[in-house]
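Q: Below is the file entry.csv, with CSV, C-alpha atoms.
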```csv
chain,number,residue,atom,x,y,z
A,617,MET,CA,74.9,69.5,95.2
A,618,ILE,CA,77.6,70.9,97.5
A,619,GLN,CA,81.2,69.8,97.2
A,620,ILE,CA,84.4,70.5,99.0
A,621,SER,CA,87.8,70.9,97.4
A,622,ASP,CA,91.2,71.7,98.8
A,623,ASN,CA,92.5,72.9,95.4
A,624,ASP,CA,93.4,76.5,94.6
A,625,ILE,CA,90.2,78.4,93.7
A,626,VAL,CA,91.8,80.0,90.6
A,627,THR,CA,91.9,76.5,89.0
A,628,THR,CA,88.1,76.2,89.1
A,629,THR,CA,86.2,75.5,85.9
A,630,ALA,CA,82.9,76.7,87.5
A,631,ASP,CA,80.7,79.3,85.7
A,632,VAL,CA,81.1,81.8,88.5
A,633,VAL,CA,83.7,82.3,91.3
A,634,VAL,CA,83.1,84.2,94.5
A,635,ASN,CA,85.9,86.6,95.6
A,636,SER,CA,86.5,87.5,99.2
A,637,ALA,CA,87.0,91.2,98.5
A,638,ASN,CA,87.7,94.3,100.5
A,639,PRO,CA,85.5,97.5,100.6
A,640,PRO,CA,87.7,99.5,98.1
A,641,LEU,CA,87.6,96.6,95.6
A,642,GLY,CA,91.2,97.3,95.1
A,643,GLY,CA,92.3,93.7,94.7
A,644,ILE,CA,96.0,93.5,94.0
A,645,GLY,CA,96.4,96.9,92.4
A,646,PRO,CA,98.8,97.1,89.5
A,647,ASP,CA,101.9,96.4,91.6
A,648,LEU,CA,101.1,93.9,94.4
A,649,PRO,CA,103.7,91.0,94.4
A,650,GLU,CA,102.9,87.4,93.7
A,651,GLY,CA,101.6,85.5,96.7
A,652,VAL,CA,100.2,88.6,98.4
A,653,GLY,CA,96.5,89.3,99.0
A,654,GLY,CA,95.0,85.9,99.8
A,655,VAL,CA,92.0,84.8,97.7
A,656,ASP,CA,91.4,88.4,96.5
A,657,GLY,CA,95.0,88.7,95.3
A,658,ALA,CA,94.9,85.3,93.6
A,659,ILE,CA,91.7,86.0,91.8
A,660,HIS,CA,92.9,89.4,90.6
A,661,ARG,CA,96.2,87.9,89.4
A,662,ALA,CA,94.3,85.2,87.5
A,663,ALA,CA,91.8,87.6,86.0
A,664,GLY,CA,94.4,90.1,85.0
A,665,ILE,CA,94.8,93.9,85.3
A,666,SER,CA,91.6,94.5,83.3
A,667,LEU,CA,89.6,93.4,86.4
A,668,TRP,CA,91.4,96.0,88.6
A,669,HIS,CA,90.7,98.8,86.0
A,670,HIS,CA,87.1,97.7,85.8
A,671,LEU,CA,86.6,97.9,89.5
A,672,GLN,CA,88.4,101.3,89.8
A,673,GLN,CA,85.7,102.8,87.5
A,674,LEU,CA,83.0,102.0,90.1
A,675,PRO,CA,81.9,105.0,92.2
A,676,VAL,CA,83.2,105.6,95.7
A,677,LEU,CA,80.3,105.3,98.0
A,678,GLY,CA,81.9,106.7,101.2
A,679,GLU,CA,84.7,105.8,103.6
A,680,LEU,CA,84.8,103.2,106.4
A,681,GLU,CA,87.6,105.3,107.9
A,682,PRO,CA,89.7,108.1,106.6
A,683,GLY,CA,91.6,107.1,103.5
A,684,TRP,CA,89.8,103.8,103.1
A,685,PRO,CA,87.3,104.3,100.3
A,686,VAL,CA,84.3,102.0,99.9
A,687,ARG,CA,83.1,100.8,96.5
A,688,CYS,CA,81.1,98.0,98.1
A,689,TRP,CA,79.8,98.1,101.7
A,690,PRO,CA,80.3,95.1,104.0
A,691,GLY,CA,77.4,92.7,103.5
A,692,HIS,CA,77.1,93.5,99.8
A,693,CYS,CA,78.6,92.3,96.6
A,694,VAL,CA,79.5,93.4,93.0
A,695,VAL,CA,79.4,91.2,89.9
A,696,THR,CA,82.0,91.5,87.2
A,697,PRO,CA,83.0,89.5,84.1
A,698,GLY,CA,85.7,86.8,84.6
A,699,PHE,CA,88.2,88.6,82.4
A,700,GLY,CA,91.3,86.4,82.2
A,701,MET,CA,89.8,83.6,84.3
A,702,SER,CA,88.0,80.7,82.8
A,703,VAL,CA,84.8,81.6,84.7
A,704,ARG,CA,82.1,83.7,83.2
A,705,TYR,CA,81.5,85.9,86.3
A,706,ILE,CA,83.3,86.9,89.5
A,707,VAL,CA,81.1,88.0,92.4
A,708,HIS,CA,83.1,90.2,94.8
A,709,GLY,CA,81.6,89.9,98.3
A,710,VAL,CA,82.8,92.1,101.2
A,711,ALA,CA,82.6,90.8,104.8
A,712,PRO,CA,82.7,93.0,107.8
A,713,ILE,CA,85.8,92.9,110.1
A,714,PHE,CA,84.9,90.6,113.0
A,715,GLU,CA,84.4,92.4,116.3
A,716,PRO,CA,84.7,90.0,119.3
A,717,ASN,CA,82.7,92.5,121.4
A,718,ASN,CA,79.8,92.5,118.9
A,719,PRO,CA,79.7,89.1,117.4
A,720,THR,CA,75.9,88.9,116.7
A,721,LYS,CA,76.0,91.9,114.4
A,722,CYS,CA,79.0,90.6,112.6
A,723,PHE,CA,77.5,87.1,112.0
A,724,THR,CA,74.2,88.8,110.9
A,725,VAL,CA,76.1,90.9,108.3
A,726,LEU,CA,78.1,87.8,107.1
A,727,ALA,CA,74.8,85.9,106.7
A,728,GLU,CA,73.4,88.8,104.7
A,729,LEU,CA,76.5,88.8,102.6
A,730,TYR,CA,76.2,85.2,101.6
A,731,LYS,CA,72.5,85.7,101.0
A,732,ASN,CA,73.2,88.7,98.7
A,733,ILE,CA,75.9,86.7,96.9
A,734,PHE,CA,73.7,83.8,96.1
A,735,GLU,CA,70.8,86.1,95.1
A,736,ALA,CA,73.1,87.8,92.6
A,737,ILE,CA,74.3,84.4,91.3
A,738,ALA,CA,70.7,83.1,90.9
A,739,VAL,CA,69.9,85.6,88.2
A,740,LEU,CA,73.1,84.9,86.2
A,741,ASP,CA,71.9,81.7,84.5
A,742,VAL,CA,74.8,79.6,85.7
A,743,LYS,CA,75.0,76.1,87.0
A,744,THR,CA,78.3,75.8,88.9
A,745,VAL,CA,79.6,78.1,91.6
A,746,ALA,CA,83.1,78.2,93.3
A,747,VAL,CA,83.2,79.8,96.8
A,748,PRO,CA,86.0,80.4,99.2
A,749,PRO,CA,85.5,80.9,103.0
A,750,ILE,CA,84.8,84.6,103.5
A,751,GLY,CA,86.1,86.6,106.4
A,752,THR,CA,88.1,84.0,108.2
A,753,ARG,CA,91.6,85.3,107.5
A,754,LEU,CA,92.5,89.0,108.0
A,755,TYR,CA,88.9,89.8,108.9
A,756,GLY,CA,89.0,87.5,111.9
A,757,PHE,CA,85.8,85.5,111.8
A,758,PRO,CA,85.8,82.2,113.7
A,759,MET,CA,86.1,79.4,111.2
A,760,ARG,CA,83.3,77.2,112.6
A,761,GLU,CA,80.6,79.9,112.9
A,762,ALA,CA,81.5,81.3,109.5
A,763,ALA,CA,81.4,77.9,107.9
A,764,GLU,CA,78.0,77.2,109.5
A,765,ILE,CA,76.6,80.4,107.9
A,766,ALA,CA,78.2,79.6,104.5
A,767,VAL,CA,76.9,76.0,104.4
A,768,ALA,CA,73.3,77.0,105.6
A,769,VAL,CA,72.9,79.7,103.0
A,770,SER,CA,74.4,77.6,100.2
A,771,GLN,CA,72.1,74.7,101.0
A,772,ARG,CA,69.1,76.9,100.6
A,773,PHE,CA,70.5,78.2,97.2
A,774,VAL,CA,71.2,74.6,96.0
A,775,GLU,CA,67.7,73.5,97.0
A,776,ALA,CA,66.1,76.4,95.1
A,777,THR,CA,68.2,76.3,92.0
A,778,GLU,CA,69.7,72.7,91.7
A,779,ASP,CA,73.0,74.4,90.9
A,780,THR,CA,76.3,73.0,92.2
A,781,VAL,CA,78.3,74.9,94.8
A,782,GLU,CA,81.9,73.9,95.5
A,783,PHE,CA,83.7,75.3,98.5
A,784,PHE,CA,87.5,75.8,97.9
A,785,VAL,CA,89.0,75.4,101.4
A,786,ILE,CA,92.8,75.1,101.6
A,787,ASP,CA,93.3,75.5,105.3
A,788,LYS,CA,93.3,71.9,106.8
A,789,GLU,CA,91.4,72.8,109.9
A,790,GLU,CA,88.8,74.8,108.0
A,791,HIS,CA,88.5,72.0,105.4
A,792,THR,CA,87.6,69.5,108.1
A,793,ILE,CA,85.0,71.8,109.6
A,794,TYR,CA,83.3,72.2,106.2
A,795,CYS,CA,83.4,68.4,105.6
A,796,ASN,CA,82.0,67.6,109.0
A,797,LEU,CA,79.2,70.2,108.6
A,798,LEU,CA,78.2,68.8,105.2
A,799,ARG,CA,78.2,65.2,106.5
A,800,ARG,CA,76.0,66.2,109.4
A,801,ASP,CA,73.5,68.2,107.4
A,802,SER,CA,73.2,66.3,104.2
A,803,ALA,CA,71.3,63.3,103.0
A,804,PRO,CA,73.1,59.9,102.6
A,805,GLY,CA,75.3,59.9,99.5
A,806,GLN,CA,75.9,63.7,99.5
A,807,PRO,CA,77.9,65.8,99.3
A,808,GLY,CA,80.8,64.9,97.1
A,809,THR,CA,84.2,65.8,98.5
A,810,SER,CA,87.6,66.0,96.8
```
Written as structure tokens, how would this file's structure read?

A:
Amino acid sequence: MIQISDNDIVTTTADVVVNSANPPLGGIGPDLPEGVGGVDGAIHRAAGISLWHHLQQLPVLGELEPGWPVRCWPGHCVVTPGFGMSVRYIVHGVAPIFEPNNPTKCFTVLAELYKNIFEAIAVLDVKTVAVPPIGTRLYGFPMREAAEIAVAVSQRFVEATEDTVEFFVIDKEEHTIYCNLLRRDSAPGQPGTS
């Protein structure tokens, strides 16, 4: 089943939460103020500083640009414990920055990211997954196209695993897009929305 919620994702009681992370996996760092950092910042604040310390131990794989280290390349993800959150796992997925002059490549990488996220989740022996929209804020992905990718990949995951995926979408316009997509693509009686 796929569900939609307009609640704060850090309130989830799911087994695993997906984080819309950045390539350095820096999250909030030790000093980022409350309210800063979007989903990534909120998840880091909820999980606590132990998550930040854990991610800082991962090797630097390279740089996207000078001074911007990469611990997870765009299109890929890293799994950590939930630390201070009620979830068992956090899956940190990194989207590319959307390039309007090269949209096909960007959408391909975003689809690969969702695929990698759900493949990582499939081996965790979990039943419920909380997912935010990925890449539609600072990274600039168009909401509708990004939602179409997210819903399509999650539907394949749900069909294969019978797990429940809940999208946490607080932006009103984006929430409507997700609801309309799921109404269009699902069988009668599904999905549940809240």

Q: When you count only C-alpha atoms, which of these residues is closest to A:Val774: A:His669, A:Lys743, A:Lys788, A:Lys721?

A: A:Lys743

Q: Name the closest residue to A:Pro640 among the candidates A:Ala762, A:Leu671, A:Cys722, A:Ile659; distances are taken between atoms, counting only C-alpha atoms.

A: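 Looking at the shortest contact to A:Pro640, the residue is A:Leu671.
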
Q: May I have the residues within 12 Å of A:Glu715 as a list in words, using all atoms listed in the file and disregarding those fewer than 2 positions away in the same chain?

A: Ala711, Pro712, Ile713, Asn717, Asn718, Pro719, Thr720, Lys721, Cys722, Phe723, Val725, Gly751, Tyr755, Gly756, Phe757 and Pro758 of chain A

Q: Which one of A:Val710, A:Asp624, A:Glu679, A:Ile618 sits closest to A:Ile786 if you count all atoms listed in the file?

A: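 Smallest separation from A:Ile786 among the options: A:Asp624.
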
Q: Please indicate the distance in Å from atom CA of A:Gln672 to atom CA of A:Phe784, rounded to one decimal place.

A: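 For atom CA of A:Gln672 relative to atom CA of A:Phe784, the distance reads 26.8 Å.
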
Q: Mind pulling up the distance from atom CA of A:Glu764 to atom CA of A:Ala727?

A: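 Interatomic distance, atom CA of A:Ala727 to atom CA of A:Glu764: 9.7 Å.
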
Q: Calculate how many Å separate atom CA of A:Glu735 from atom CA of A:Phe773, rounding to one decimal.

A: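 Value for the atom CA of A:Glu735-atom CA of A:Phe773 distance: 8.2 Å.
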
Q: List the spatial neighbours of A:Leu667 as a list of chain:residue names - criterion: any atom at most 12 Å away, all atoms listed in the file, same-chain residues fewer than 6 positions off excluded.

A: A:Leu641, A:Gly642, A:Gly643, A:Ile644, A:Gly645, A:Pro646, A:Asp656, A:Gly657, A:Ile659, A:His660, A:Arg661, A:Gln673, A:Leu674, A:Val695, A:Thr696, A:Pro697, A:Gly698, A:Phe699, A:Gly700, A:Met701, A:Tyr705, A:Ile706, A:Val707, A:His708

Q: For the selection just defined, write its residues with C-alpha atoms to a file, as a compact mmCIF listing (two decimals), keeping the file's coordinate frame.

A:
```
# COMPACT_ATOMS: atom_id res chain seq x y z
CA LEU A 641 87.60 96.60 95.60
CA GLY A 642 91.20 97.30 95.10
CA GLY A 643 92.30 93.70 94.70
CA ILE A 644 96.00 93.50 94.00
CA GLY A 645 96.40 96.90 92.40
CA PRO A 646 98.80 97.10 89.50
CA ASP A 656 91.40 88.40 96.50
CA GLY A 657 95.00 88.70 95.30
CA ILE A 659 91.70 86.00 91.80
CA HIS A 660 92.90 89.40 90.60
CA ARG A 661 96.20 87.90 89.40
CA GLN A 673 85.70 102.80 87.50
CA LEU A 674 83.00 102.00 90.10
CA VAL A 695 79.40 91.20 89.90
CA THR A 696 82.00 91.50 87.20
CA PRO A 697 83.00 89.50 84.10
CA GLY A 698 85.70 86.80 84.60
CA PHE A 699 88.20 88.60 82.40
CA GLY A 700 91.30 86.40 82.20
CA MET A 701 89.80 83.60 84.30
CA TYR A 705 81.50 85.90 86.30
CA ILE A 706 83.30 86.90 89.50
CA VAL A 707 81.10 88.00 92.40
CA HIS A 708 83.10 90.20 94.80
```

Q: Name all residues at most 9 Å from A:Ala746 (count only C-alpha atoms; drop same-chain ones fewer than 5 positions away) and give them as a short mmCIF file (atom, residue, chain, number, x, y, z; two decimals) with C-alpha atoms, in the coordinates of the input.

A:
```cif
data_model
loop_
_atom_site.label_atom_id
_atom_site.label_comp_id
_atom_site.auth_asym_id
_atom_site.auth_seq_id
_atom_site.Cartn_x
_atom_site.Cartn_y
_atom_site.Cartn_z
CA ILE A 625 90.20 78.40 93.70
CA THR A 628 88.10 76.20 89.10
CA THR A 629 86.20 75.50 85.90
CA ALA A 630 82.90 76.70 87.50
CA ASP A 631 80.70 79.30 85.70
CA VAL A 632 81.10 81.80 88.50
CA VAL A 633 83.70 82.30 91.30
CA VAL A 634 83.10 84.20 94.50
CA THR A 780 76.30 73.00 92.20
CA VAL A 781 78.30 74.90 94.80
CA GLU A 782 81.90 73.90 95.50
CA PHE A 783 83.70 75.30 98.50
CA PHE A 784 87.50 75.80 97.90
#
```
